[in-house]
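So this one's protein10.txt, compact mmCIF, C-alpha atoms:
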```txt
# COMPACT_ATOMS: atom_id res chain seq x y z
CA MET P 685 69.79 -30.13 -21.90
CA ASN P 686 73.22 -28.95 -22.97
CA GLY P 687 73.02 -30.41 -26.47
CA LYS P 688 75.97 -32.77 -26.16
CA VAL P 689 75.70 -35.94 -28.16
CA PHE P 690 77.69 -38.84 -26.82
CA PRO P 691 78.80 -41.68 -29.10
CA ARG P 692 77.61 -45.19 -28.36
CA GLU P 693 81.09 -46.20 -27.19
CA VAL P 694 81.13 -43.48 -24.52
CA LYS P 695 77.68 -44.46 -23.25
CA LEU P 696 78.72 -48.11 -23.07
CA SER P 697 81.89 -47.14 -21.24
CA VAL P 698 79.94 -45.11 -18.69
CA VAL P 699 77.46 -47.92 -18.06
CA ARG P 700 80.21 -50.53 -17.75
CA GLU P 701 82.11 -48.38 -15.27
CA LEU P 702 78.87 -47.90 -13.36
CA GLU P 703 78.26 -51.66 -13.33
CA ALA P 704 81.83 -52.13 -12.09
CA GLY P 705 80.97 -50.10 -9.00
CA LYS P 706 82.04 -46.54 -9.74
CA PRO P 707 79.80 -43.90 -8.16
CA VAL P 708 77.34 -42.10 -10.44
CA GLU P 709 78.57 -38.68 -9.28
CA GLU P 710 82.15 -39.52 -10.20
CA LEU P 711 81.13 -40.65 -13.68
CA CYS P 712 78.99 -37.54 -14.15
CA ARG P 713 81.97 -35.31 -13.39
CA LYS P 714 84.39 -37.38 -15.47
CA TYR P 715 82.20 -37.42 -18.60
CA GLU P 716 80.42 -34.09 -17.95
CA VAL P 717 76.98 -35.66 -18.13
CA SER P 718 73.90 -35.39 -15.95
CA THR P 719 72.79 -38.00 -13.43
CA ASN P 720 69.53 -38.42 -15.35
CA SER P 721 71.43 -39.26 -18.53
CA VAL P 722 73.58 -41.85 -16.78
CA ASN P 723 70.51 -43.46 -15.23
CA ARG P 724 68.72 -43.46 -18.61
CA TRP P 725 71.76 -45.04 -20.28
CA ARG P 726 71.86 -47.74 -17.57
CA ARG P 727 68.15 -48.46 -18.10
CA GLU P 728 68.56 -48.68 -21.90
CA TYR P 729 71.60 -50.92 -21.47
CA ASN P 730 69.73 -53.25 -19.13
CA GLU P 731 66.79 -53.48 -21.55
CA GLY P 732 69.07 -54.92 -24.21
CA VAL P 733 72.72 -54.33 -24.98
CA GLU P 734 72.32 -54.95 -28.73
CA ARG P 735 69.53 -52.39 -29.05
CA ALA P 736 70.93 -49.84 -26.61
CA PHE P 737 72.13 -46.52 -28.00
CA PRO P 738 71.30 -47.02 -31.70
CA GLY P 739 72.37 -43.51 -32.66
CA LYS P 740 70.72 -41.15 -35.10
CA GLY P 741 70.62 -42.34 -38.66
CA LYS P 742 73.69 -44.49 -38.39
CA ILE P 743 73.24 -47.97 -39.72
CA SER P 744 74.83 -50.98 -38.14
CA SER P 745 77.19 -53.00 -40.28
CA LEU P 746 74.64 -55.80 -40.69
CA GLU P 747 71.95 -53.35 -41.79
CA ALA P 748 74.39 -51.75 -44.23
CA GLN P 749 75.35 -55.15 -45.59
CA ASN P 750 71.67 -56.09 -45.92
CA ALA P 751 70.92 -52.86 -47.80
CA GLU P 752 73.83 -53.49 -50.18
CA LEU P 753 72.63 -57.05 -50.82
CA GLU P 754 69.12 -55.77 -51.53
CA ARG P 755 70.53 -53.28 -54.05
CA THR P 756 72.52 -56.08 -55.68
CA VAL P 757 69.42 -58.28 -55.92
CA GLY P 758 67.53 -55.38 -57.52
CA ARG P 759 70.26 -54.81 -60.10
CA LEU P 760 70.44 -58.52 -60.90
CA TYR P 761 66.66 -58.69 -61.28
CA LEU P 762 66.76 -55.84 -63.80
CA GLN P 763 69.59 -57.51 -65.70
CA ILE P 764 67.66 -60.79 -65.85
CA GLU P 765 64.57 -59.01 -67.17
CA LEU P 766 66.66 -57.23 -69.81
CA LEU P 767 68.27 -60.51 -70.88
CA LYS P 768 64.85 -62.19 -71.12
CA LYS P 769 63.63 -59.43 -73.43
CA ALA P 770 66.80 -59.65 -75.52
CA LEU P 771 66.43 -63.44 -75.80
CA LYS P 772 62.81 -63.11 -76.84
CA THR P 773 63.77 -60.55 -79.50
CA LEU P 774 66.55 -62.78 -80.83
CA GLU P 775 64.26 -65.82 -80.91
CA THR P 776 61.67 -63.81 -82.87
CA ARG P 777 64.28 -62.62 -85.38
CA LEU P 778 65.65 -66.13 -85.76
CA ALA P 779 62.19 -67.51 -86.36
CA GLU P 780 61.56 -64.79 -89.00
CA GLN P 781 64.83 -65.63 -90.77
CA LYS P 782 63.98 -69.34 -90.87
CA ALA P 783 60.54 -68.54 -92.27
CA ARG P 784 62.06 -66.76 -95.28
```
Using the file provided, produce a representation of the structure as C-alpha cells.
Amino acid sequence: MNGKVFPREVKLSVVRELEAGKPVEELCRKYEVSTNSVNRWRREYNEGVERAFPGKGKISSLEAQNAELERTVGRLYLQIELLKKALKTLETRLAEQKAR
C-alpha cells in the first residue's frame, strides 16, 4: 500500500467512470490507484451509495446537525433544571415572608 488517501469524491468519480464503461486499467493510470482499490471501491459503491466511502472521523452533515441538536437539548435541560430550582427557592422565600 502506498499510503494515499483518496477523498470520497474521487472514489465516487472513479466508480462512476467505471460504470460508464471506462477500462479499469485506464482509470488506475489516471488516478494512480491499484486495480484492487478500484474493484474494492466498486464493491462498496454497489453495496450502498449512501454508506460507501464514509471517511475517517469525518461526520456527515446530518450527523453533525444531530450532534448539535443533542448539545442544544442538553443545554436547555440544564437551564430548565436551574430555573426549577430558582422557582422553588423563590416560592420558599415568598412563603416565609407571608408567614411573618
Task: Surrounding residues of Glu693 in chain P excluding itself and chain neighbours under 2 positions, 12 Å, all atoms listed in the file, as a count of residues only - done: 15
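Picture a line from CA of Val722 in chain P to CA of Pro707 in chain P; it runs 10.8 Å.
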Open item on the list: Rounded to one decimal, what separation in Å do you get between CA of Glu731 in chain P and CA of Glu752 in chain P?
Closed with: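 About the pair CA of Glu731 in chain P and CA of Glu752 in chain P: they are 29.5 Å apart.
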Task: For CA of Lys772 in chain P and CA of Thr756 in chain P, the interatomic separation in Å (one decimal) - done: 24.3 Å
Put the listed atoms of range 704-707 of chain P in a box along x, y and z with 6 Å added on every side and give me the centre and edge lengths in Å to one decimal, as JSON.
```
{"center_x": 80.9, "center_y": -48.0, "center_z": -10.1, "size_x": 14.2, "size_y": 20.2, "size_z": 15.9}
```
Task: Nearest candidate to Arg726 in chain P (options P:Glu775, P:Lys688, P:Leu702, P:Ala770; using only C-alpha atoms) - done: P:Leu702
Requested file, chain P restricted to C-alpha atoms, as a short mmCIF file (atom, residue, chain, number, x, y, z; two decimals), in the first residue's frame:
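File selection06.cif, as written:
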```cif
data_model
loop_
_atom_site.label_atom_id
_atom_site.label_comp_id
_atom_site.auth_asym_id
_atom_site.auth_seq_id
_atom_site.Cartn_x
_atom_site.Cartn_y
_atom_site.Cartn_z
CA MET P 685 0.00 0.00 0.00
CA ASN P 686 1.36 3.40 -0.95
CA GLY P 687 -0.45 5.28 1.81
CA LYS P 688 -2.51 7.53 -0.43
CA VAL P 689 -5.86 8.52 0.94
CA PHE P 690 -8.44 9.41 -1.66
CA PRO P 691 -11.37 11.68 -0.81
CA ARG P 692 -14.88 10.32 -1.19
CA GLU P 693 -15.48 12.50 -4.25
CA VAL P 694 -12.52 10.94 -6.09
CA LYS P 695 -13.67 7.42 -5.26
CA LEU P 696 -17.18 8.21 -6.48
CA SER P 697 -15.77 9.72 -9.65
CA VAL P 698 -13.67 6.62 -10.34
CA VAL P 699 -16.61 4.28 -9.79
CA ARG P 700 -18.94 6.38 -11.95
CA GLU P 701 -16.41 6.46 -14.77
CA LEU P 702 -16.02 2.70 -14.39
CA GLU P 703 -19.80 2.24 -14.56
CA ALA P 704 -19.84 4.44 -17.67
CA GLY P 705 -17.60 1.92 -19.42
CA LYS P 706 -14.05 3.18 -18.97
CA PRO P 707 -11.48 0.39 -18.63
CA VAL P 708 -10.12 -0.32 -15.14
CA GLU P 709 -6.51 -0.04 -16.35
CA GLU P 710 -7.12 3.44 -17.76
CA LEU P 711 -8.67 4.64 -14.50
CA CYS P 712 -5.81 3.12 -12.50
CA ARG P 713 -3.27 5.07 -14.53
CA LYS P 714 -5.32 8.28 -14.49
CA TYR P 715 -5.85 8.30 -10.71
CA GLU P 716 -2.64 6.43 -9.79
CA VAL P 717 -4.50 3.76 -7.88
CA SER P 718 -4.29 -0.02 -7.85
CA THR P 719 -6.73 -2.35 -9.59
CA ASN P 720 -7.61 -3.89 -6.22
CA SER P 721 -8.58 -0.49 -4.84
CA VAL P 722 -10.80 0.28 -7.82
CA ASN P 723 -12.52 -3.09 -7.52
CA ARG P 724 -13.00 -2.60 -3.77
CA TRP P 725 -14.46 0.87 -4.36
CA ARG P 726 -16.87 -0.57 -6.95
CA ARG P 727 -17.95 -3.28 -4.49
CA GLU P 728 -18.50 -0.75 -1.68
CA TYR P 729 -20.42 1.52 -4.05
CA ASN P 730 -22.67 -1.33 -5.18
CA GLU P 731 -23.38 -2.33 -1.56
CA GLY P 732 -24.87 1.10 -0.90
CA VAL P 733 -24.05 4.50 -2.29
CA GLU P 734 -25.05 6.36 0.89
CA ARG P 735 -22.79 4.24 3.08
CA ALA P 736 -19.90 3.93 0.63
CA PHE P 737 -16.64 5.67 1.50
CA PRO P 738 -17.56 7.14 4.90
CA GLY P 739 -14.09 8.52 5.52
CA LYS P 740 -12.13 8.56 8.74
CA GLY P 741 -13.65 10.55 11.53
CA LYS P 742 -15.49 12.92 9.27
CA ILE P 743 -19.11 13.38 10.16
CA SER P 744 -21.81 13.80 7.59
CA SER P 745 -23.82 16.99 7.71
CA LEU P 746 -26.86 15.19 9.14
CA GLU P 747 -24.76 13.60 11.88
CA ALA P 748 -23.20 16.97 12.67
CA GLN P 749 -26.62 18.60 12.78
CA ASN P 750 -27.90 15.80 15.04
CA ALA P 751 -24.94 16.24 17.40
CA GLU P 752 -25.55 19.99 17.58
CA LEU P 753 -29.24 19.44 18.33
CA GLU P 754 -28.34 16.96 21.09
CA ARG P 755 -26.00 19.54 22.64
CA THR P 756 -28.76 22.14 22.45
CA VAL P 757 -31.23 19.79 24.14
CA GLY P 758 -28.67 19.13 26.89
CA ARG P 759 -28.12 22.84 27.49
CA LEU P 760 -31.86 23.50 27.56
CA TYR P 761 -32.39 20.64 30.01
CA LEU P 762 -29.80 22.15 32.36
CA GLN P 763 -31.40 25.57 32.06
CA ILE P 764 -34.83 24.13 32.87
CA GLU P 765 -33.46 22.35 35.93
CA LEU P 766 -31.77 25.57 37.11
CA LEU P 767 -34.98 27.54 36.63
CA LYS P 768 -36.97 24.91 38.56
CA LYS P 769 -34.56 25.22 41.49
CA ALA P 770 -34.71 29.02 41.34
CA LEU P 771 -38.52 28.93 41.29
CA LYS P 772 -38.60 26.58 44.25
CA THR P 773 -36.24 28.86 46.18
CA LEU P 774 -38.34 31.93 45.38
CA GLU P 775 -41.56 30.16 46.36
CA THR P 776 -39.97 29.15 49.69
CA ARG P 777 -38.81 32.71 50.39
CA LEU P 778 -42.22 34.10 49.45
CA ALA P 779 -43.94 31.64 51.75
CA GLU P 780 -41.56 32.62 54.60
CA GLN P 781 -42.27 36.32 54.04
CA LYS P 782 -46.04 35.74 54.14
CA ALA P 783 -45.68 33.74 57.34
CA ARG P 784 -44.07 36.69 59.14
#
```
